[in-house]
file start.cif (mmCIF, C-alpha atoms (C1' of nucleotides))
data_data
loop_
_atom_site.label_atom_id
_atom_site.label_comp_id
_atom_site.auth_asym_id
_atom_site.auth_seq_id
_atom_site.Cartn_x
_atom_site.Cartn_y
_atom_site.Cartn_z
CA MET A 1 10.99 3.04 -11.67
CA TYR A 2 11.86 3.99 -8.19
CA PHE A 3 9.68 7.06 -8.19
CA CYS A 4 6.00 7.63 -7.70
CA THR A 5 4.16 7.25 -11.01
CA VAL A 6 0.92 8.92 -10.02
CA LYS A 7 0.11 12.52 -9.32
CA PRO A 8 -0.55 11.87 -5.64
CA LYS A 9 -4.27 11.73 -4.99
CA LYS A 10 -4.78 13.99 -2.04
CA ILE A 11 -6.11 12.05 0.90
CA ILE A 12 -7.49 14.65 3.27
CA PRO A 13 -7.22 13.33 6.85
CA ARG A 14 -10.52 13.55 8.64
CA SER A 15 -8.80 14.13 11.96
CA ASP A 16 -5.43 13.63 13.64
CA CYS A 17 -6.61 10.41 15.24
CA PRO A 18 -4.19 7.66 14.21
CA ILE A 19 -6.97 5.16 13.60
CA SER A 20 -8.81 7.64 11.44
CA THR A 21 -5.74 8.49 9.36
CA ALA A 22 -5.01 4.79 8.92
CA LEU A 23 -8.56 4.20 7.70
CA ASP A 24 -8.23 7.12 5.31
CA ILE A 25 -5.70 4.92 3.52
CA VAL A 26 -6.68 1.29 4.08
CA GLY A 27 -10.26 1.66 5.28
CA ASP A 28 -12.10 -0.11 2.49
CA LYS A 29 -12.92 -3.59 1.33
CA TRP A 30 -10.02 -4.05 -1.08
CA SER A 31 -6.75 -2.32 -0.12
CA LEU A 32 -5.78 -4.76 2.61
CA LEU A 33 -6.56 -7.68 0.30
CA ILE A 34 -4.05 -6.36 -2.22
CA ILE A 35 -1.54 -6.02 0.60
CA ARG A 36 -2.41 -9.53 1.79
CA ASP A 37 -1.69 -10.86 -1.70
CA MET A 38 1.72 -9.23 -1.66
CA MET A 39 2.54 -10.29 1.89
CA PHE A 40 1.33 -13.83 2.06
CA LYS A 41 0.88 -15.00 -1.50
CA GLY A 42 3.91 -13.61 -3.28
CA LYS A 43 1.73 -11.79 -5.78
CA ASN A 44 3.26 -8.74 -7.39
CA THR A 45 1.61 -7.93 -10.71
CA TYR A 46 -1.65 -6.36 -11.78
CA GLY A 47 -2.81 -9.64 -13.24
CA ASP A 48 -1.97 -11.48 -10.01
CA PHE A 49 -4.22 -9.16 -8.04
CA LEU A 50 -7.01 -9.35 -10.61
CA ASN A 51 -7.07 -13.12 -10.32
CA SER A 52 -7.51 -13.25 -6.56
CA GLU A 53 -10.51 -15.22 -5.46
CA GLU A 54 -12.43 -12.15 -4.25
CA LYS A 55 -12.48 -10.85 -7.84
CA ILE A 56 -11.77 -7.16 -7.59
CA ALA A 57 -12.98 -5.08 -10.53
CA THR A 58 -10.20 -3.88 -12.79
CA ASN A 59 -10.95 -0.18 -12.46
CA ILE A 60 -11.12 -0.45 -8.68
CA LEU A 61 -7.81 -2.30 -8.65
CA ALA A 62 -6.18 0.43 -10.71
CA ASP A 63 -7.61 3.05 -8.37
CA ARG A 64 -6.46 1.29 -5.19
CA LEU A 65 -2.96 0.66 -6.54
CA SER A 66 -2.65 4.32 -7.35
CA LEU A 67 -3.94 5.35 -3.92
CA LEU A 68 -1.62 2.94 -2.13
CA GLU A 69 1.30 4.21 -4.16
CA SER A 70 0.38 7.79 -3.33
CA ALA A 71 0.22 6.87 0.32
CA GLY A 72 3.66 5.30 0.16
CA VAL A 73 2.46 1.80 0.98
CA ILE A 74 3.51 0.20 -2.31
CA SER A 75 5.89 1.12 -5.13
CA LYS A 76 6.17 0.29 -8.81
CA HIS A 77 9.25 -1.29 -10.36
CA LYS A 78 10.33 -2.70 -13.68
CA HIS A 79 9.61 -6.39 -13.89
CA PRO A 80 12.76 -8.50 -14.30
CA GLU A 81 11.15 -10.89 -16.77
CA SER A 82 8.99 -8.73 -19.00
CA LYS A 83 8.64 -5.16 -20.13
CA ALA A 84 4.90 -5.69 -20.41
CA LYS A 85 4.61 -6.32 -16.68
CA VAL A 86 4.89 -4.00 -13.72
CA LEU A 87 6.34 -5.27 -10.47
CA TYR A 88 4.56 -4.02 -7.40
CA LYS A 89 6.40 -4.10 -4.09
CA LEU A 90 5.52 -3.25 -0.53
CA THR A 91 7.45 -0.34 0.88
CA ASP A 92 8.67 -0.38 4.49
CA LYS A 93 5.45 1.40 5.35
CA GLY A 94 3.54 -1.37 3.64
CA ILE A 95 5.51 -4.12 5.30
CA ASP A 96 4.75 -2.52 8.65
CA LEU A 97 1.10 -3.35 8.13
CA LEU A 98 1.98 -6.98 8.80
CA PRO A 99 0.97 -6.89 12.49
CA VAL A 100 -2.37 -5.34 11.55
CA LEU A 101 -3.08 -8.16 9.11
CA VAL A 102 -1.96 -10.76 11.62
CA GLU A 103 -4.35 -9.41 14.24
CA LEU A 104 -7.18 -9.37 11.70
CA ILE A 105 -6.43 -12.99 10.89
CA GLU A 106 -6.48 -13.98 14.56
CA TRP A 107 -9.73 -12.14 15.14
CA SER A 108 -11.44 -13.66 12.16
CA GLU A 109 -10.19 -17.13 12.91
CA LYS A 110 -11.67 -16.85 16.39
CA TYR A 111 -15.13 -15.78 15.26
CA HIS A 112 -15.67 -16.87 11.68
CA ILE A 113 -15.50 -19.89 9.46
CA VAL A 114 -12.19 -19.57 7.67
CA HIS A 115 -9.85 -21.56 5.49
CA PRO A 116 -8.03 -24.40 7.30
CA THR A 117 -4.70 -22.82 6.39
CA ALA A 118 -5.65 -19.84 8.52
CA LYS A 119 -6.45 -22.10 11.45
CA THR A 120 -3.05 -23.75 11.43
CA PHE A 121 -1.36 -20.39 10.99
CA VAL A 122 -3.14 -19.04 14.06
CA LYS A 123 -2.19 -22.14 16.01
CA GLN A 124 1.44 -21.46 15.24
CA LEU A 125 0.98 -17.82 16.20
CA LYS A 126 -0.28 -18.85 19.63
CA LYS A 127 3.05 -20.54 20.29
CA ASP A 128 5.36 -17.64 19.58
CA LYS A 129 3.84 -14.75 17.75
CA LYS A 130 6.83 -12.46 18.07
CA GLU A 131 9.18 -14.92 16.42
CA ILE A 132 6.79 -15.70 13.57
CA ILE A 133 6.10 -12.06 12.83
CA SER A 134 9.73 -11.03 12.87
CA LYS A 135 10.61 -13.93 10.60
CA LEU A 136 7.91 -12.96 8.11
CA TYR A 137 9.08 -9.40 8.47
CA GLU A 138 12.64 -10.29 7.52
CA GLU A 139 11.46 -12.27 4.52
CA LEU A 140 9.45 -9.32 3.28
CA LYS A 141 12.34 -6.94 3.77
CA ALA A 142 14.66 -9.27 1.90
CA THR A 143 12.77 -9.30 -1.38
CA MET B 1 -32.56 -5.50 25.49
CA TYR B 2 -30.15 -8.35 25.43
CA PHE B 3 -31.26 -9.55 22.03
CA CYS B 4 -30.51 -8.46 18.52
CA THR B 5 -32.84 -5.65 17.49
CA VAL B 6 -32.23 -5.82 13.76
CA LYS B 7 -33.24 -8.40 11.21
CA PRO B 8 -29.65 -9.42 10.56
CA LYS B 9 -28.38 -7.87 7.36
CA LYS B 10 -26.84 -10.69 5.43
CA ILE B 11 -23.15 -10.12 4.97
CA ILE B 12 -22.12 -12.53 2.24
CA PRO B 13 -18.46 -13.49 2.74
CA ARG B 14 -16.45 -12.95 -0.42
CA SER B 15 -14.17 -15.85 0.43
CA ASP B 16 -13.05 -17.93 3.38
CA CYS B 17 -9.93 -15.84 3.79
CA PRO B 18 -9.92 -14.50 7.36
CA ILE B 19 -8.76 -11.05 6.27
CA SER B 20 -11.49 -10.89 3.68
CA THR B 21 -14.22 -11.94 6.15
CA ALA B 22 -12.93 -9.39 8.64
CA LEU B 23 -13.11 -6.66 6.02
CA ASP B 24 -16.62 -7.75 5.11
CA ILE B 25 -17.53 -6.46 8.58
CA VAL B 26 -15.14 -3.65 9.47
CA GLY B 27 -13.69 -2.79 6.06
CA ASP B 28 -14.94 0.75 5.68
CA LYS B 29 -14.11 4.23 6.83
CA TRP B 30 -16.46 4.36 9.83
CA SER B 31 -17.00 1.07 11.65
CA LEU B 32 -13.65 1.00 13.41
CA LEU B 33 -14.10 4.63 14.45
CA ILE B 34 -17.33 3.72 16.23
CA ILE B 35 -15.49 0.87 17.91
CA ARG B 36 -12.63 3.23 18.78
CA ASP B 37 -15.12 5.58 20.43
CA MET B 38 -16.45 2.75 22.56
CA MET B 39 -13.01 1.34 23.40
CA PHE B 40 -10.96 4.40 24.11
CA LYS B 41 -13.39 7.24 24.69
CA GLY B 42 -16.10 5.66 26.80
CA LYS B 43 -18.76 6.62 24.30
CA ASN B 44 -21.87 4.48 24.27
CA THR B 45 -24.84 6.35 22.81
CA TYR B 46 -25.97 7.32 19.34
CA GLY B 47 -25.45 10.97 20.15
CA ASP B 48 -21.94 10.29 21.42
CA PHE B 49 -20.95 8.71 18.11
CA LEU B 50 -22.63 11.47 16.09
CA ASN B 51 -20.56 14.08 17.88
CA SER B 52 -17.18 12.52 17.15
CA GLU B 53 -14.79 14.85 15.43
CA GLU B 54 -14.90 12.96 12.11
CA LYS B 55 -18.61 13.81 11.83
CA ILE B 56 -20.29 10.68 10.57
CA ALA B 57 -23.63 11.21 8.83
CA THR B 58 -26.62 10.13 10.89
CA ASN B 59 -27.98 7.65 8.36
CA ILE B 60 -24.56 6.06 7.93
CA LEU B 61 -24.20 5.80 11.68
CA ALA B 62 -27.56 4.05 11.96
CA ASP B 63 -26.56 1.69 9.16
CA ARG B 64 -23.18 0.83 10.70
CA LEU B 65 -24.61 0.28 14.15
CA SER B 66 -27.13 -2.12 12.68
CA LEU B 67 -24.44 -3.94 10.68
CA LEU B 68 -22.13 -4.21 13.68
CA GLU B 69 -24.98 -5.52 15.79
CA SER B 70 -25.83 -8.09 13.11
CA ALA B 71 -22.20 -9.15 13.03
CA GLY B 72 -22.18 -9.58 16.81
CA VAL B 73 -19.59 -6.88 17.41
CA ILE B 74 -21.83 -4.61 19.49
CA SER B 75 -25.09 -5.01 21.37
CA LYS B 76 -27.92 -2.72 22.43
CA HIS B 77 -29.02 -2.31 26.03
CA LYS B 78 -31.39 -0.18 28.04
CA HIS B 79 -29.67 2.94 29.27
CA PRO B 80 -29.55 3.14 33.07
CA GLU B 81 -30.25 6.87 33.16
CA SER B 82 -32.86 7.44 30.49
CA LYS B 83 -35.47 5.60 28.52
CA ALA B 84 -34.83 7.94 25.58
CA LYS B 85 -31.27 6.71 25.25
CA VAL B 86 -29.87 3.42 24.01
CA LEU B 87 -26.71 2.03 25.53
CA TYR B 88 -24.37 0.46 23.03
CA LYS B 89 -21.79 -2.00 24.30
CA LEU B 90 -18.99 -3.97 22.73
CA THR B 91 -19.49 -7.69 22.80
CA ASP B 92 -16.57 -10.04 23.46
CA LYS B 93 -16.13 -10.21 19.71
CA GLY B 94 -15.96 -6.43 19.62
CA ILE B 95 -13.54 -6.23 22.53
CA ASP B 96 -11.30 -8.68 20.71
CA LEU B 97 -10.74 -6.07 18.04
CA LEU B 98 -8.57 -4.20 20.54
CA PRO B 99 -5.27 -5.63 19.21
CA VAL B 100 -6.25 -4.67 15.67
CA LEU B 101 -6.88 -1.08 16.73
CA VAL B 102 -3.66 -0.99 18.72
CA GLU B 103 -1.64 -2.11 15.70
CA LEU B 104 -3.37 0.47 13.53
CA ILE B 105 -2.45 3.14 16.06
CA GLU B 106 1.19 2.06 16.11
CA TRP B 107 1.36 2.00 12.33
CA SER B 108 -0.19 5.41 11.93
CA GLU B 109 1.93 6.93 14.67
CA LYS B 110 5.03 5.70 12.88
CA TYR B 111 4.13 7.14 9.48
CA HIS B 112 1.65 9.98 9.95
CA ILE B 113 1.17 13.19 11.85
CA VAL B 114 -1.09 12.25 14.72
CA HIS B 115 -2.40 13.65 17.95
CA PRO B 116 0.22 13.93 20.75
CA THR B 117 -1.90 11.64 22.93
CA ALA B 118 -1.32 8.86 20.40
CA LYS B 119 2.41 9.43 20.50
CA THR B 120 2.61 8.99 24.27
CA PHE B 121 0.33 5.97 24.10
CA VAL B 122 2.61 4.33 21.56
CA LYS B 123 5.64 5.14 23.71
CA GLN B 124 4.03 3.28 26.58
CA LEU B 125 3.18 0.39 24.27
CA LYS B 126 6.84 0.05 23.32
CA LYS B 127 7.65 -0.67 26.97
CA ASP B 128 5.25 -3.53 27.58
CA LYS B 129 2.54 -3.95 25.02
CA LYS B 130 1.19 -7.19 26.42
CA GLU B 131 0.58 -5.74 29.84
CA ILE B 132 -1.08 -2.60 28.51
CA ILE B 133 -3.35 -4.53 26.17
CA SER B 134 -4.43 -7.04 28.77
CA LYS B 135 -5.13 -4.24 31.24
CA LEU B 136 -7.29 -2.40 28.68
CA TYR B 137 -8.88 -5.71 27.86
CA GLU B 138 -9.87 -6.31 31.48
CA GLU B 139 -11.30 -2.82 31.78
CA LEU B 140 -13.46 -3.37 28.71
CA LYS B 141 -14.66 -6.73 29.95
CA ALA B 142 -15.54 -5.23 33.31
CA THR B 143 -18.04 -2.67 32.07
"C1'" DA C 1 -47.94 22.25 28.27
"C1'" DA C 2 -44.07 23.60 25.52
"C1'" DA C 3 -39.38 23.15 24.29
"C1'" DA C 4 -35.47 20.42 24.03
"C1'" DT C 5 -33.30 15.93 23.54
"C1'" DC C 6 -33.03 11.34 21.97
"C1'" DA C 7 -32.52 7.76 18.37
"C1'" DC C 8 -33.41 7.32 14.52
"C1'" DT C 9 -35.82 7.71 9.16
"C1'" DT C 10 -36.61 9.84 4.67
"C1'" DG C 11 -35.59 12.14 0.34
"C1'" DC C 12 -32.40 13.52 -2.75
"C1'" DA C 13 -27.88 14.83 -4.87
"C1'" DT C 14 -23.25 13.24 -5.21
"C1'" DT C 15 -19.79 9.84 -5.14
"C1'" DT C 16 -18.19 5.25 -5.38
"C1'" DT C 17 -18.55 0.68 -7.06
"C1'" DA C 18 -19.38 -3.06 -10.29
"C1'" DC C 19 -19.57 -4.91 -14.72
"C1'" DA C 20 -18.42 -5.00 -19.60
"C1'" DA C 21 -15.94 -3.55 -23.22
"C1'" DG C 22 -12.04 -1.36 -25.28
"C1'" DT C 23 -6.99 0.30 -25.86
"C1'" DA C 24 -2.06 0.53 -26.40
"C1'" DG C 25 2.30 -1.55 -25.64
"C1'" DT C 26 4.77 -6.19 -25.34
"C1'" DT C 27 5.58 -11.00 -26.15
"C1'" DG C 28 5.63 -15.63 -28.32
"C1'" DA C 29 4.73 -18.53 -32.12
"C1'" DT C 30 4.62 -19.06 -37.13
"C1'" DA D 1 7.54 -9.92 -40.22
"C1'" DT D 2 2.96 -10.95 -38.75
"C1'" DC D 3 -0.61 -12.16 -35.93
"C1'" DA D 4 -2.69 -13.79 -31.76
"C1'" DA D 5 -2.30 -13.56 -26.98
"C1'" DC D 6 -1.02 -11.17 -22.88
"C1'" DT D 7 -0.01 -7.14 -20.21
"C1'" DA D 8 -1.63 -3.06 -17.57
"C1'" DC D 9 -4.55 -0.38 -17.72
"C1'" DT D 10 -9.01 3.19 -19.36
"C1'" DT D 11 -13.76 4.20 -20.52
"C1'" DG D 12 -18.83 4.02 -20.31
"C1'" DT D 13 -22.68 3.11 -17.85
"C1'" DA D 14 -25.82 1.17 -14.39
"C1'" DA D 15 -26.27 0.13 -9.56
"C1'" DA D 16 -25.15 0.93 -4.95
"C1'" DA D 17 -23.25 3.54 -1.17
"C1'" DT D 18 -22.50 7.96 0.84
"C1'" DG D 19 -23.38 12.67 2.44
"C1'" DC D 20 -26.47 16.27 3.61
"C1'" DA D 21 -30.70 18.36 5.26
"C1'" DA D 22 -34.91 17.92 7.05
"C1'" DG D 23 -38.35 15.36 9.50
"C1'" DT D 24 -40.51 11.89 13.02
"C1'" DG D 25 -42.04 10.01 17.26
"C1'" DA D 26 -40.85 8.93 21.90
"C1'" DT D 27 -38.94 10.83 26.12
"C1'" DT D 28 -37.23 14.32 29.24
"C1'" DT D 29 -36.60 18.83 30.93
"C1'" DT D 30 -38.53 23.45 32.05
#
call {"tool": "encode", "arguments": {"input": "start.cif", "output": "structure tokens"}}
result
Amino acid sequence: MYFCTVKPKKIIPRSDCPISTALDIVGDKWSLLIIRDMMFKGKNTYGDFLNSEEKIATNILADRLSLLESAGVISKHKHPESKAKVLYKLTDKGIDLLPVLVELIEWSEKYHIVHPTAKTFVKQLKKDKKEIISKLYEELKAT
Amino acid sequence: MYFCTVKPKKIIPRSDCPISTALDIVGDKWSLLIIRDMMFKGKNTYGDFLNSEEKIATNILADRLSLLESAGVISKHKHPESKAKVLYKLTDKGIDLLPVLVELIEWSEKYHIVHPTAKTFVKQLKKDKKEIISKLYEELKAT
DNA sequence: AAAATCACTTGCATTTTACAAGTAGTTGAT
DNA sequence: ATCAACTACTTGTAAAATGCAAGTGATTTT
């Protein structure tokens, strides 16, 4: 299905401030984790997201997926291996959140106790961020 | 007052994922707007934040300020002009959220209808982002 | 001395979230 | 062909967060 499957839930922008309109979409505890799963962990089904270590509740997951689809950040597709599954993909708009996530990672790594994997990733970033981001970007576009 | 004025509200990290721990602090609709006000609009008092165009509720504002202080993102100081006022400042940790906000602005400008000011800001960013960010960074550190 | 301003707090209704259980379609094994 | 397991959800309900209006006590202005 290459069309939106939900009657778009109206997100009413609180203002025309770009930060505010961004937060109207991804300003919560879960949406960016779903996007993280798709970007960095190759997850792309409902069950994948459910099983993430932060343990999102199933009704919240359904709600966020529908919101993100309405906002044009993700899209639903038929799964190549099973009719029972739905394949979720990042749209271009979703992929363009990559730099936001990268900056969040850098910030957190600087100030919090995080997984070692994050530390090595940030170390690589310090060397040539532009190259790493554009490489990740191409990979995401490709799939 | 150069000390924390709140008994730190325990934020329990959901995981050691850096994105997750970041969202534990700023993953909501309001926190980053308060930080935006301090970063880009020179706001630094309770009343300033209350009067922002998105109209945060006063109890929510109080709660977020206390959470952000607990998380070490902002700090409270005596106001130079009045004992009735409290001066809120970004800490280094707070200032380091600048790149996150900048990426959110760029993303939103690309995909949403935003204020003209944002459009010109993004145009400047396209020319030399690094320079602009480090200049803003220095200004924030200075005050 | 009174009125206005400041940074909040309190009470309450509404909304959102979390948790548990259930459903309908699909798949894999017998 | 049948049944259990898996898939993507939905539903019900309790708990928590949010939004709104009004109030409080300290300070500042008039």
call {"tool": "closest_atom_pairs", "arguments": {"input": "start.cif", "of": "chain B", "to": "chain C", "cutoff": "10 Å", "atoms": "all atoms listed in the file", "output": "tab-separated table"}}
result
residue	atom	partner	partner_atom	distance
B:Thr45	CA	C:DA7	C1'	9.0
B:Tyr46	CA	C:DA7	C1'	6.6
B:Gly47	CA	C:DC6	C1'	7.8
B:Thr58	CA	C:DC8	C1'	8.2
B:Asn59	CA	C:DT9	C1'	7.9
B:Leu61	CA	C:DC8	C1'	9.8
B:Ala62	CA	C:DC8	C1'	7.2
B:Ser82	CA	C:DC6	C1'	9.4
B:Lys83	CA	C:DC6	C1'	9.0
B:Ala84	CA	C:DC6	C1'	5.3
B:Lys85	CA	C:DC6	C1'	5.9
B:Val86	CA	C:DA7	C1'	7.6
call {"tool": "closest_residue", "arguments": {"input": "start.cif", "among": "D:DC20, D:DA26, D:DA8, D:DA14", "to": "chain A", "atoms": "all atoms listed in the file"}}
result
D:DA8
call {"tool": "atom_distance", "arguments": {"input": "start.cif", "atom1": "atom CA of A:Lys89", "atom2": "atom CA of A:Ile74"}}
result
5.5 Å
call {"tool": "closest_residue", "arguments": {"input": "start.cif", "among": "B:Trp30, B:Ala57, B:Asp92, B:Thr143", "to": "D:DA21", "atoms": "all atoms listed in the file"}}
result
B:Ala57
call {"tool": "calpha_fit_and_write", "arguments": {"input": "start.cif", "fixed": "chain B", "moving": "chain A", "output": "tab-separated table (two decimals) with C-alpha atoms, keeping the file's coordinate frame"}}
result
chain	number	residue	atom	x	y	z
A	1	MET	CA	-32.52	-5.60	25.53
A	2	TYR	CA	-30.13	-8.44	25.42
A	3	PHE	CA	-31.24	-9.60	22.02
A	4	CYS	CA	-30.47	-8.49	18.51
A	5	THR	CA	-32.82	-5.68	17.48
A	6	VAL	CA	-32.23	-5.82	13.76
A	7	LYS	CA	-33.22	-8.38	11.19
A	8	PRO	CA	-29.63	-9.42	10.54
A	9	LYS	CA	-28.37	-7.86	7.34
A	10	LYS	CA	-26.83	-10.71	5.46
A	11	ILE	CA	-23.15	-10.13	4.96
A	12	ILE	CA	-22.12	-12.52	2.22
A	13	PRO	CA	-18.45	-13.48	2.71
A	14	ARG	CA	-16.46	-12.94	-0.43
A	15	SER	CA	-14.17	-15.84	0.40
A	16	ASP	CA	-13.05	-17.94	3.36
A	17	CYS	CA	-9.93	-15.84	3.78
A	18	PRO	CA	-9.91	-14.51	7.34
A	19	ILE	CA	-8.76	-11.06	6.26
A	20	SER	CA	-11.50	-10.89	3.68
A	21	THR	CA	-14.22	-11.95	6.12
A	22	ALA	CA	-12.94	-9.41	8.64
A	23	LEU	CA	-13.11	-6.67	6.01
A	24	ASP	CA	-16.62	-7.75	5.11
A	25	ILE	CA	-17.53	-6.48	8.57
A	26	VAL	CA	-15.14	-3.67	9.48
A	27	GLY	CA	-13.68	-2.81	6.08
A	28	ASP	CA	-14.92	0.74	5.68
A	29	LYS	CA	-14.11	4.22	6.84
A	30	TRP	CA	-16.46	4.36	9.83
A	31	SER	CA	-17.01	1.06	11.67
A	32	LEU	CA	-13.65	1.00	13.42
A	33	LEU	CA	-14.11	4.63	14.46
A	34	ILE	CA	-17.33	3.72	16.24
A	35	ILE	CA	-15.49	0.86	17.92
A	36	ARG	CA	-12.64	3.23	18.79
A	37	ASP	CA	-15.12	5.58	20.45
A	38	MET	CA	-16.45	2.74	22.57
A	39	MET	CA	-13.02	1.34	23.41
A	40	PHE	CA	-10.97	4.40	24.12
A	41	LYS	CA	-13.40	7.23	24.70
A	42	GLY	CA	-16.11	5.65	26.81
A	43	LYS	CA	-18.76	6.63	24.30
A	44	ASN	CA	-21.87	4.49	24.27
A	45	THR	CA	-24.84	6.35	22.81
A	46	TYR	CA	-25.97	7.32	19.35
A	47	GLY	CA	-25.45	10.97	20.14
A	48	ASP	CA	-21.93	10.29	21.43
A	49	PHE	CA	-20.97	8.72	18.12
A	50	LEU	CA	-22.62	11.48	16.10
A	51	ASN	CA	-20.55	14.08	17.89
A	52	SER	CA	-17.18	12.52	17.16
A	53	GLU	CA	-14.78	14.84	15.44
A	54	GLU	CA	-14.89	12.94	12.13
A	55	LYS	CA	-18.59	13.81	11.83
A	56	ILE	CA	-20.27	10.68	10.58
A	57	ALA	CA	-23.59	11.22	8.82
A	58	THR	CA	-26.58	10.14	10.87
A	59	ASN	CA	-27.95	7.67	8.34
A	60	ILE	CA	-24.54	6.07	7.92
A	61	LEU	CA	-24.18	5.80	11.68
A	62	ALA	CA	-27.54	4.06	11.95
A	63	ASP	CA	-26.55	1.70	9.16
A	64	ARG	CA	-23.16	0.83	10.68
A	65	LEU	CA	-24.61	0.28	14.15
A	66	SER	CA	-27.12	-2.11	12.68
A	67	LEU	CA	-24.44	-3.94	10.69
A	68	LEU	CA	-22.13	-4.21	13.69
A	69	GLU	CA	-24.98	-5.52	15.79
A	70	SER	CA	-25.83	-8.07	13.12
A	71	ALA	CA	-22.22	-9.15	13.04
A	72	GLY	CA	-22.19	-9.59	16.80
A	73	VAL	CA	-19.60	-6.89	17.42
A	74	ILE	CA	-21.84	-4.61	19.48
A	75	SER	CA	-25.11	-5.01	21.38
A	76	LYS	CA	-27.93	-2.72	22.44
A	77	HIS	CA	-29.02	-2.29	26.04
A	78	LYS	CA	-31.38	-0.14	28.04
A	79	HIS	CA	-29.67	2.97	29.28
A	80	PRO	CA	-29.54	3.19	33.08
A	81	GLU	CA	-30.25	6.92	33.16
A	82	SER	CA	-32.84	7.50	30.47
A	83	LYS	CA	-35.47	5.66	28.51
A	84	ALA	CA	-34.82	7.98	25.59
A	85	LYS	CA	-31.26	6.72	25.25
A	86	VAL	CA	-29.87	3.44	24.01
A	87	LEU	CA	-26.71	2.04	25.53
A	88	TYR	CA	-24.37	0.47	23.04
A	89	LYS	CA	-21.79	-2.01	24.31
A	90	LEU	CA	-18.99	-3.97	22.74
A	91	THR	CA	-19.50	-7.70	22.79
A	92	ASP	CA	-16.58	-10.05	23.47
A	93	LYS	CA	-16.15	-10.22	19.72
A	94	GLY	CA	-15.97	-6.45	19.64
A	95	ILE	CA	-13.55	-6.24	22.52
A	96	ASP	CA	-11.31	-8.69	20.71
A	97	LEU	CA	-10.74	-6.08	18.04
A	98	LEU	CA	-8.57	-4.21	20.53
A	99	PRO	CA	-5.27	-5.63	19.21
A	100	VAL	CA	-6.26	-4.67	15.67
A	101	LEU	CA	-6.88	-1.08	16.73
A	102	VAL	CA	-3.66	-0.99	18.71
A	103	GLU	CA	-1.65	-2.12	15.70
A	104	LEU	CA	-3.38	0.48	13.52
A	105	ILE	CA	-2.46	3.13	16.06
A	106	GLU	CA	1.18	2.05	16.11
A	107	TRP	CA	1.34	1.99	12.33
A	108	SER	CA	-0.20	5.39	11.94
A	109	GLU	CA	1.90	6.93	14.66
A	110	LYS	CA	5.01	5.70	12.87
A	111	TYR	CA	4.11	7.16	9.48
A	112	HIS	CA	1.64	9.99	9.95
A	113	ILE	CA	1.15	13.19	11.85
A	114	VAL	CA	-1.10	12.25	14.73
A	115	HIS	CA	-2.42	13.65	17.97
A	116	PRO	CA	0.20	13.92	20.75
A	117	THR	CA	-1.91	11.63	22.93
A	118	ALA	CA	-1.34	8.88	20.40
A	119	LYS	CA	2.40	9.44	20.52
A	120	THR	CA	2.60	9.01	24.26
A	121	PHE	CA	0.32	5.99	24.09
A	122	VAL	CA	2.62	4.34	21.55
A	123	LYS	CA	5.62	5.15	23.70
A	124	GLN	CA	4.02	3.30	26.57
A	125	LEU	CA	3.18	0.41	24.26
A	126	LYS	CA	6.84	0.06	23.31
A	127	LYS	CA	7.65	-0.65	26.95
A	128	ASP	CA	5.26	-3.50	27.57
A	129	LYS	CA	2.55	-3.95	25.02
A	130	LYS	CA	1.22	-7.20	26.42
A	131	GLU	CA	0.59	-5.73	29.84
A	132	ILE	CA	-1.09	-2.60	28.49
A	133	ILE	CA	-3.36	-4.53	26.16
A	134	SER	CA	-4.43	-7.04	28.77
A	135	LYS	CA	-5.14	-4.24	31.22
A	136	LEU	CA	-7.29	-2.41	28.68
A	137	TYR	CA	-8.89	-5.72	27.88
A	138	GLU	CA	-9.88	-6.31	31.49
A	139	GLU	CA	-11.31	-2.83	31.79
A	140	LEU	CA	-13.46	-3.37	28.72
A	141	LYS	CA	-14.67	-6.72	29.97
A	142	ALA	CA	-15.55	-5.23	33.33
A	143	THR	CA	-18.04	-2.67	32.08
call {"tool": "resolve_selection", "arguments": {"input": "start.cif", "expression": "the PyMOL selection byres ((chain D) within 10 of (chain B))", "output": "PyMOL selection string"}}
result
chain D and resi 17-20+26-28
call {"tool": "write_last_selection", "arguments": {"input": "start.cif", "atoms": "C-alpha atoms (C1' of nucleotides)", "output": "short mmCIF file (atom, residue, chain, number, x, y, z; two decimals), in the frame of the given file"}}
result
data_model
loop_
_atom_site.label_atom_id
_atom_site.label_comp_id
_atom_site.auth_asym_id
_atom_site.auth_seq_id
_atom_site.Cartn_x
_atom_site.Cartn_y
_atom_site.Cartn_z
"C1'" DA D 17 -23.25 3.54 -1.17
"C1'" DT D 18 -22.50 7.96 0.84
"C1'" DG D 19 -23.38 12.67 2.44
"C1'" DC D 20 -26.47 16.27 3.61
"C1'" DA D 26 -40.85 8.93 21.90
"C1'" DT D 27 -38.94 10.83 26.12
"C1'" DT D 28 -37.23 14.32 29.24
#
call {"tool": "resolve_selection", "arguments": {"input": "start.cif", "expression": "the PyMOL selection byres ((chain A and resi 39-44) around 12)", "output": "ChimeraX atom specification"}}
result
/A:32-38,45-52,65,74-80,85-92,94-102,105,117-118,121,133,136-141,143 /B:17,19
call {"tool": "interface_residues", "arguments": {"input": "start.cif", "of": "chain B", "to": "chain A", "cutoff": "6 Å", "atoms": "all atoms listed in the file", "output": "tab-separated table (two decimals) with C-alpha atoms, keeping the file's coordinate frame"}}
result
chain	number	residue	atom	x	y	z
B	14	ARG	CA	-16.45	-12.95	-0.42
B	16	ASP	CA	-13.05	-17.93	3.38
B	17	CYS	CA	-9.93	-15.84	3.79
B	18	PRO	CA	-9.92	-14.50	7.36
B	19	ILE	CA	-8.76	-11.05	6.27
B	22	ALA	CA	-12.93	-9.39	8.64
B	23	LEU	CA	-13.11	-6.66	6.02
B	27	GLY	CA	-13.69	-2.79	6.06
B	28	ASP	CA	-14.94	0.75	5.68
B	29	LYS	CA	-14.11	4.23	6.83
B	54	GLU	CA	-14.90	12.96	12.11
B	100	VAL	CA	-6.25	-4.67	15.67
B	103	GLU	CA	-1.64	-2.11	15.70
B	104	LEU	CA	-3.37	0.47	13.53
B	105	ILE	CA	-2.45	3.14	16.06
B	108	SER	CA	-0.19	5.41	11.93
B	114	VAL	CA	-1.09	12.25	14.72
B	115	HIS	CA	-2.40	13.65	17.95
